[in-house]
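The data block below is start_11.pdb; it holds PDB, C-alpha atoms and all ligand atoms.
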```pdb
ATOM      1  CA  MET W 104     -33.941 -14.935  23.884  1.00  0.00           C
ATOM      2  CA  GLU W 105     -30.247 -15.722  24.147  1.00  0.00           C
ATOM      3  CA  PHE W 106     -27.389 -13.217  24.295  1.00  0.00           C
ATOM      4  CA  ILE W 107     -23.688 -13.973  24.422  1.00  0.00           C
ATOM      5  CA  SER W 108     -21.908 -11.215  26.314  1.00  0.00           C
ATOM      6  CA  ARG W 109     -18.236 -10.759  25.467  1.00  0.00           C
ATOM      7  CA  GLY W 110     -17.334  -8.573  28.438  1.00  0.00           C
ATOM      8  CA  ALA W 111     -18.621  -7.022  31.664  1.00  0.00           C
ATOM      9  CA  GLU W 112     -19.232  -3.715  29.871  1.00  0.00           C
ATOM     10  CA  GLN W 113     -21.482  -5.437  27.341  1.00  0.00           C
ATOM     11  CA  THR W 114     -23.480  -7.062  30.145  1.00  0.00           C
ATOM     12  CA  ARG W 115     -23.881  -3.646  31.810  1.00  0.00           C
ATOM     13  CA  ARG W 116     -25.011  -2.098  28.540  1.00  0.00           C
ATOM     14  CA  LEU W 117     -27.636  -4.779  28.001  1.00  0.00           C
ATOM     15  CA  GLY W 118     -28.811  -4.197  31.575  1.00  0.00           C
ATOM     16  CA  MET W 119     -29.089  -0.468  30.909  1.00  0.00           C
ATOM     17  CA  ARG W 120     -31.343  -1.057  27.911  1.00  0.00           C
ATOM     18  CA  MET W 121     -33.627  -3.259  29.998  1.00  0.00           C
ATOM     19  CA  GLY W 122     -33.452  -0.902  32.958  1.00  0.00           C
ATOM     20  CA  THR W 123     -35.107   1.914  31.017  1.00  0.00           C
ATOM     21  CA  LEU W 124     -38.215  -0.290  30.739  1.00  0.00           C
ATOM     22  CA  LEU W 125     -38.558  -1.099  34.451  1.00  0.00           C
ATOM     23  CA  GLN W 126     -41.564   0.115  36.455  1.00  0.00           C
ATOM     24  CA  SER W 127     -42.963  -0.373  39.933  1.00  0.00           C
ATOM     25  CA  GLY W 128     -44.011  -3.967  40.488  1.00  0.00           C
ATOM     26  CA  ASP W 129     -41.630  -5.464  37.937  1.00  0.00           C
ATOM     27  CA  MET W 130     -39.740  -8.588  39.029  1.00  0.00           C
ATOM     28  CA  ILE W 131     -36.464  -9.670  37.416  1.00  0.00           C
ATOM     29  CA  CYS W 132     -35.091 -13.034  38.602  1.00  0.00           C
ATOM     30  CA  LEU W 133     -31.388 -13.763  38.128  1.00  0.00           C
ATOM     31  CA  VAL W 134     -30.131 -17.331  38.215  1.00  0.00           C
ATOM     32  CA  GLY W 135     -26.466 -18.252  37.799  1.00  0.00           C
ATOM     33  CA  ASP W 136     -23.354 -19.409  39.638  1.00  0.00           C
ATOM     34  CA  LEU W 137     -20.828 -17.283  41.533  1.00  0.00           C
ATOM     35  CA  GLY W 138     -19.203 -14.824  39.143  1.00  0.00           C
ATOM     36  CA  SER W 139     -21.676 -15.439  36.312  1.00  0.00           C
ATOM     37  CA  GLY W 140     -22.387 -11.694  36.140  1.00  0.00           C
ATOM     38  CA  LYS W 141     -25.600 -11.178  38.135  1.00  0.00           C
ATOM     39  CA  THR W 142     -24.418  -8.098  40.023  1.00  0.00           C
ATOM     40  CA  THR W 143     -22.812  -6.733  36.856  1.00  0.00           C
ATOM     41  CA  LEU W 144     -26.180  -6.985  35.090  1.00  0.00           C
ATOM     42  CA  VAL W 145     -27.888  -5.264  38.052  1.00  0.00           C
ATOM     43  CA  GLN W 146     -25.405  -2.366  37.764  1.00  0.00           C
ATOM     44  CA  GLY W 147     -26.716  -1.784  34.250  1.00  0.00           C
ATOM     45  CA  LEU W 148     -30.365  -2.287  35.220  1.00  0.00           C
ATOM     46  CA  ALA W 149     -30.173   0.252  38.042  1.00  0.00           C
ATOM     47  CA  ALA W 150     -28.271   2.776  35.899  1.00  0.00           C
ATOM     48  CA  GLY W 151     -30.748   2.444  33.014  1.00  0.00           C
ATOM     49  CA  TRP W 152     -33.657   2.848  35.419  1.00  0.00           C
ATOM     50  CA  GLY W 153     -32.064   6.130  36.543  1.00  0.00           C
ATOM     51  CA  SER W 154     -30.465   5.292  39.873  1.00  0.00           C
ATOM     52  CA  LEU W 155     -28.316   7.954  41.525  1.00  0.00           C
ATOM     53  CA  ASP W 156     -26.377   5.221  43.335  1.00  0.00           C
ATOM     54  CA  ASN W 157     -24.054   2.573  41.918  1.00  0.00           C
ATOM     55  CA  ALA W 158     -25.344  -0.960  42.380  1.00  0.00           C
ATOM     56  CA  THR W 159     -23.155  -3.107  44.636  1.00  0.00           C
ATOM     57  CA  SER W 160     -23.476  -6.627  45.948  1.00  0.00           C
ATOM     58  CA  PRO W 161     -25.850  -6.563  48.963  1.00  0.00           C
ATOM     59  CA  SER W 162     -23.408  -8.048  51.460  1.00  0.00           C
ATOM     60  CA  PHE W 163     -24.359  -6.669  54.880  1.00  0.00           C
ATOM     61  CA  VAL W 164     -28.027  -6.211  54.176  1.00  0.00           C
ATOM     62  CA  LEU W 165     -30.203  -8.552  52.155  1.00  0.00           C
ATOM     63  CA  VAL W 166     -31.761  -5.761  50.133  1.00  0.00           C
ATOM     64  CA  ASN W 167     -30.072  -2.729  48.618  1.00  0.00           C
ATOM     65  CA  VAL W 168     -32.369   0.177  47.828  1.00  0.00           C
ATOM     66  CA  TYR W 169     -31.365   2.581  45.067  1.00  0.00           C
ATOM     67  CA  ARG W 170     -33.024   5.956  44.524  1.00  0.00           C
ATOM     68  CA  ARG W 171     -33.913   8.207  41.666  1.00  0.00           C
ATOM     69  CA  PRO W 172     -34.273  12.027  41.785  1.00  0.00           C
ATOM     70  CA  ASP W 173     -38.078  11.638  41.529  1.00  0.00           C
ATOM     71  CA  GLY W 174     -38.100   9.599  44.757  1.00  0.00           C
ATOM     72  CA  CYS W 175     -38.790   6.213  43.122  1.00  0.00           C
ATOM     73  CA  LYS W 176     -36.991   3.162  44.509  1.00  0.00           C
ATOM     74  CA  PHE W 177     -35.258   0.149  42.975  1.00  0.00           C
ATOM     75  CA  TYR W 178     -34.829  -2.976  45.126  1.00  0.00           C
ATOM     76  CA  HIS W 179     -31.837  -5.310  44.761  1.00  0.00           C
ATOM     77  CA  LEU W 180     -32.207  -8.507  46.776  1.00  0.00           C
ATOM     78  CA  ASP W 181     -29.519 -11.167  47.217  1.00  0.00           C
ATOM     79  CA  ALA W 182     -31.153 -14.442  48.239  1.00  0.00           C
ATOM     80  CA  TYR W 183     -27.833 -16.278  48.637  1.00  0.00           C
ATOM     81  CA  ARG W 184     -27.962 -16.324  52.424  1.00  0.00           C
ATOM     82  CA  LEU W 185     -31.701 -16.860  52.750  1.00  0.00           C
ATOM     83  CA  SER W 186     -32.691 -20.344  53.840  1.00  0.00           C
ATOM     84  CA  GLY W 187     -35.706 -20.424  51.554  1.00  0.00           C
ATOM     85  CA  ALA W 188     -39.061 -19.013  50.525  1.00  0.00           C
ATOM     86  CA  ARG W 189     -40.388 -18.787  54.075  1.00  0.00           C
ATOM     87  CA  GLU W 190     -37.592 -16.495  55.187  1.00  0.00           C
ATOM     88  CA  ALA W 191     -38.154 -14.386  52.066  1.00  0.00           C
ATOM     89  CA  GLU W 192     -41.843 -14.027  52.879  1.00  0.00           C
ATOM     90  CA  ASP W 193     -40.892 -12.289  56.141  1.00  0.00           C
ATOM     91  CA  LEU W 194     -39.281  -9.514  54.105  1.00  0.00           C
ATOM     92  CA  ASP W 195     -42.696  -8.514  52.671  1.00  0.00           C
ATOM     93  CA  LEU W 196     -41.569  -8.241  49.067  1.00  0.00           C
ATOM     94  CA  ASP W 197     -45.078  -7.220  47.957  1.00  0.00           C
ATOM     95  CA  ALA W 198     -44.811  -3.994  49.939  1.00  0.00           C
ATOM     96  CA  MET W 199     -41.508  -3.228  48.187  1.00  0.00           C
ATOM     97  CA  LEU W 200     -42.937  -4.049  44.768  1.00  0.00           C
ATOM     98  CA  ASP W 201     -45.685  -1.488  45.374  1.00  0.00           C
ATOM     99  CA  THR W 202     -43.034   1.230  45.358  1.00  0.00           C
ATOM    100  CA  GLY W 203     -40.518   0.074  42.765  1.00  0.00           C
ATOM    101  CA  PRO W 204     -39.094  -2.665  40.548  1.00  0.00           C
ATOM    102  CA  MET W 205     -37.073  -5.501  42.115  1.00  0.00           C
ATOM    103  CA  VAL W 206     -34.145  -7.615  40.925  1.00  0.00           C
ATOM    104  CA  VAL W 207     -33.283 -10.826  42.805  1.00  0.00           C
ATOM    105  CA  GLU W 208     -29.925 -12.635  42.676  1.00  0.00           C
ATOM    106  CA  TRP W 209     -30.067 -16.393  43.416  1.00  0.00           C
ATOM    107  CA  ALA W 210     -33.818 -16.197  42.733  1.00  0.00           C
ATOM    108  CA  GLU W 211     -34.200 -19.987  42.502  1.00  0.00           C
ATOM    109  CA  ARG W 212     -33.573 -20.210  46.269  1.00  0.00           C
ATOM    110  CA  ILE W 213     -36.783 -18.355  47.069  1.00  0.00           C
ATOM    111  CA  GLN W 214     -38.840 -19.161  43.984  1.00  0.00           C
ATOM    112  CA  ASP W 215     -42.051 -19.886  45.905  1.00  0.00           C
ATOM    113  CA  ALA W 216     -42.006 -16.416  47.478  1.00  0.00           C
ATOM    114  CA  LEU W 217     -41.716 -14.653  44.105  1.00  0.00           C
ATOM    115  CA  PRO W 218     -44.521 -13.677  41.724  1.00  0.00           C
ATOM    116  CA  GLU W 219     -45.352 -16.272  39.044  1.00  0.00           C
ATOM    117  CA  ASP W 220     -45.103 -13.642  36.332  1.00  0.00           C
ATOM    118  CA  ASN W 221     -41.514 -12.446  35.991  1.00  0.00           C
ATOM    119  CA  LEU W 222     -38.561 -12.047  33.681  1.00  0.00           C
ATOM    120  CA  ARG W 223     -35.923 -14.635  34.396  1.00  0.00           C
ATOM    121  CA  VAL W 224     -32.313 -14.418  33.266  1.00  0.00           C
ATOM    122  CA  ASN W 225     -30.186 -17.563  33.421  1.00  0.00           C
ATOM    123  CA  LEU W 226     -26.519 -16.600  33.346  1.00  0.00           C
ATOM    124  CA  SER W 227     -23.656 -19.008  32.707  1.00  0.00           C
ATOM    125  CA  TRP W 228     -19.909 -18.675  32.664  1.00  0.00           C
ATOM    126  CA  MET W 229     -18.395 -19.603  29.277  1.00  0.00           C
ATOM    127  CA  ASP W 230     -14.839 -18.343  29.691  1.00  0.00           C
ATOM    128  CA  GLU W 231     -13.102 -15.488  31.474  1.00  0.00           C
ATOM    129  CA  ASP W 232     -14.818 -12.757  29.455  1.00  0.00           C
ATOM    130  CA  GLN W 233     -17.862 -14.488  28.016  1.00  0.00           C
ATOM    131  CA  ARG W 234     -21.220 -15.164  29.615  1.00  0.00           C
ATOM    132  CA  ASP W 235     -24.302 -16.803  28.144  1.00  0.00           C
ATOM    133  CA  LEU W 236     -27.536 -15.019  29.090  1.00  0.00           C
ATOM    134  CA  VAL W 237     -30.871 -16.721  28.471  1.00  0.00           C
ATOM    135  CA  PHE W 238     -34.048 -14.668  29.014  1.00  0.00           C
ATOM    136  CA  VAL W 239     -37.362 -16.315  29.833  1.00  0.00           C
ATOM    137  CA  ALA W 240     -40.543 -14.213  30.127  1.00  0.00           C
ATOM    138  CA  ARG W 241     -43.513 -15.435  32.169  1.00  0.00           C
ATOM    139  CA  GLY W 242     -46.726 -13.457  31.661  1.00  0.00           C
ATOM    140  CA  GLU W 243     -47.865 -10.789  29.226  1.00  0.00           C
ATOM    141  CA  ARG W 244     -46.051  -7.859  30.824  1.00  0.00           C
ATOM    142  CA  TYR W 245     -42.664  -9.595  30.584  1.00  0.00           C
ATOM    143  CA  GLN W 246     -43.284 -10.967  27.091  1.00  0.00           C
ATOM    144  CA  LYS W 247     -43.798  -7.365  25.974  1.00  0.00           C
ATOM    145  CA  MET W 248     -40.703  -6.226  27.855  1.00  0.00           C
ATOM    146  CA  LEU W 249     -38.618  -8.977  26.311  1.00  0.00           C
ATOM    147  CA  SER W 250     -39.811  -8.224  22.793  1.00  0.00           C
ATOM    148  CA  LEU W 251     -38.795  -4.567  23.295  1.00  0.00           C
ATOM    149  CA  VAL W 252     -35.360  -5.645  24.538  1.00  0.00           C
ATOM    150  CA  ARG W 253     -34.988  -8.021  21.609  1.00  0.00           C
ATOM    151  CA  LYS W 254     -35.881  -5.225  19.197  1.00  0.00           C
ATOM    152  CA  GLN W 255     -33.313  -2.881  20.755  1.00  0.00           C
ATOM    153  CA  VAL W 256     -30.555  -5.483  20.880  1.00  0.00           C
ATOM    154  CA  PHE W 257     -31.071  -7.375  17.638  1.00  0.00           C
ATOM    155  CA  GLY W 258     -33.232  -4.920  15.689  1.00  0.00           C
ATOM    156  CA  VAL W 259     -36.018  -7.464  15.146  1.00  0.00           C
ATOM    157  CA  THR W 260     -39.130  -8.604  17.009  1.00  0.00           C
TER     158      THR W 260
HETATM  159  N1  LIG W 301     -19.249 -10.884  29.875  1.00  0.00           N
HETATM  160  C1  LIG W 301     -19.234 -10.628  31.192  1.00  0.00           C
HETATM  161  N2  LIG W 301     -20.391 -10.309  31.833  1.00  0.00           N
HETATM  162  C2  LIG W 301     -20.392 -10.067  33.158  1.00  0.00           C
HETATM  163  N3  LIG W 301     -19.309 -10.119  33.954  1.00  0.00           N
HETATM  164  C3  LIG W 301     -18.135 -10.432  33.381  1.00  0.00           C
HETATM  165  C4  LIG W 301     -18.054 -10.701  31.991  1.00  0.00           C
HETATM  166  N4  LIG W 301     -16.767 -10.987  31.693  1.00  0.00           N
HETATM  167  C5  LIG W 301     -16.083 -10.899  32.832  1.00  0.00           C
HETATM  168  N5  LIG W 301     -16.890 -10.564  33.866  1.00  0.00           N
HETATM  169  C6  LIG W 301     -16.444 -10.416  35.258  1.00  0.00           C
HETATM  170  O1  LIG W 301     -17.015 -11.457  35.990  1.00  0.00           O
HETATM  171  C7  LIG W 301     -17.337 -10.998  37.306  1.00  0.00           C
HETATM  172  C8  LIG W 301     -18.828 -11.158  37.561  1.00  0.00           C
HETATM  173  O2  LIG W 301     -19.066 -10.836  38.898  1.00  0.00           O
HETATM  174  P1  LIG W 301     -20.505 -10.525  39.495  1.00  0.00           P
HETATM  175  O3  LIG W 301     -20.282  -9.996  40.847  1.00  0.00           O
HETATM  176  O4  LIG W 301     -21.299  -9.724  38.526  1.00  0.00           O
HETATM  177  O5  LIG W 301     -21.111 -12.005  39.545  1.00  0.00           O
HETATM  178  P2  LIG W 301     -22.318 -12.533  40.418  1.00  0.00           P
HETATM  179  O6  LIG W 301     -23.042 -13.485  39.529  1.00  0.00           O
HETATM  180  O7  LIG W 301     -23.082 -11.400  40.981  1.00  0.00           O
HETATM  181  O8  LIG W 301     -21.588 -13.352  41.576  1.00  0.00           O
HETATM  182  P3  LIG W 301     -22.120 -13.674  43.081  1.00  0.00           P
HETATM  183  O9  LIG W 301     -22.881 -14.941  42.979  1.00  0.00           O
HETATM  184  O10 LIG W 301     -20.862 -13.828  43.855  1.00  0.00           O
HETATM  185  O11 LIG W 301     -22.962 -12.526  43.553  1.00  0.00           O
HETATM  186  C9  LIG W 301     -16.928  -9.546  37.370  1.00  0.00           C
HETATM  187  O12 LIG W 301     -15.628  -9.475  37.928  1.00  0.00           O
HETATM  188  C10 LIG W 301     -16.902  -9.132  35.908  1.00  0.00           C
HETATM  189  O13 LIG W 301     -16.000  -8.070  35.637  1.00  0.00           O
HETATM  190 MG    MG W 302     -23.646 -10.887  42.900  1.00  0.00          MG
END
```

Here is the file; what I need is its structure written in the form of structure tokens.
Ligand SMILES: Nc1ncnc2c1ncn2[C@@H]1O[C@H](COP(=O)(O)OP(=O)(O)OP(=O)(O)O)[C@@H](O)[C@H]1O
Ligand SMILES: [Mg+2]
Amino acid sequence: MEFISRGAEQTRRLGMRMGTLLQSGDMICLVGDLGSGKTTLVQGLAAGWGSLDNATSPSFVLVNVYRRPDGCKFYHLDAYRLSGAREAEDLDLDAMLDTGPMVVEWAERIQDALPEDNLRVNLSWMDEDQRDLVFVARGERYQKMLSLVRKQVFGVT
């Protein structure tokens, strides 16, 4: 699925739609250059999921944890400063996934430490206000998720 976003607000809105579908164990991988809109998309994902906190770029810690009134957690990992999959394995992502969904920025840097089944979003800069988002689902769970998103966004399956 491909989506051309014409502004940060539109990217957030798309994230919110997807965020409502997220459950514990879900893995969303974001791939795209600096300023391509990864954190902006996460702001929507976390809000749609029901986060009480605003999503921000994890700059001092590697993982931001957002909370919901029911106690559920949402993990936001920035792999930019990780040296690779081995360093990511030390974070014990599986334990986090047991208690919430996770979104990873710069996911390609730690690909081998991430589950094979996932929803990947490739973001690219087109011009100042436009970003190209390409969604790739791996595994049944994410194919279902993507077809629901497609239905909501384009009104077709
Ligand atoms: N259509 C759009 N979608 C998303 N962001 C947009 C769009 N148009 C403009 N922007 C702007 O582009 C910037 C995207 O920044 P953001 O922090 O989301 O990128 P990032 O991919 O997380 O970068 P980094 O690699 O530094 O973490 C924001 O300032 C946002 O307002
Ligand atoms: Mg970012």

Show me, as lines of an AutoDock Vina configuration file, the centre and edge lengths in Å to one decimal of the axis-aligned box that covers every listed atom of ligand LIG 301 (chain W) with 5 Å on each side.
```
center_x = -19.4
center_y = -11.5
center_z = 36.9
size_x = 17.5
size_y = 16.9
size_z = 24.0
```

Which residues, written as a PyMOL selection string, have at least one atom at most 9 Å from segment 149-152 of chain W, with all atoms listed in the file counted and residues fewer than 6 positions away on the same chain left out? chain W and resi 115-116+118-126+158+169+171+177+179

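Nearest residue to Arg109 of chain W among W:Val237, W:Asp201, W:Asp230, W:Arg253 is W:Asp230, counting all atoms listed in the file.
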
Pull out every residue that the PyMOL selection byres (((not hetatm)) within 9 of (chain W and resi 302)) matches in the shown coordinates and put them as a PyMOL selection string. chain W and resi 137-143+145+159-161+181+183+208-209

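Closest to ligand LIG 301 (chain W) among W:Ala111, W:Cys132, W:Leu148, W:Leu226 is W:Ala111, based on all atoms listed in the file.
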
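Residue nearest Met248 of chain W within the list W:Met229, W:Leu222, W:Val168, W:Met199: W:Leu222 [criterion: smallest interatomic distance, only C-alpha atoms].
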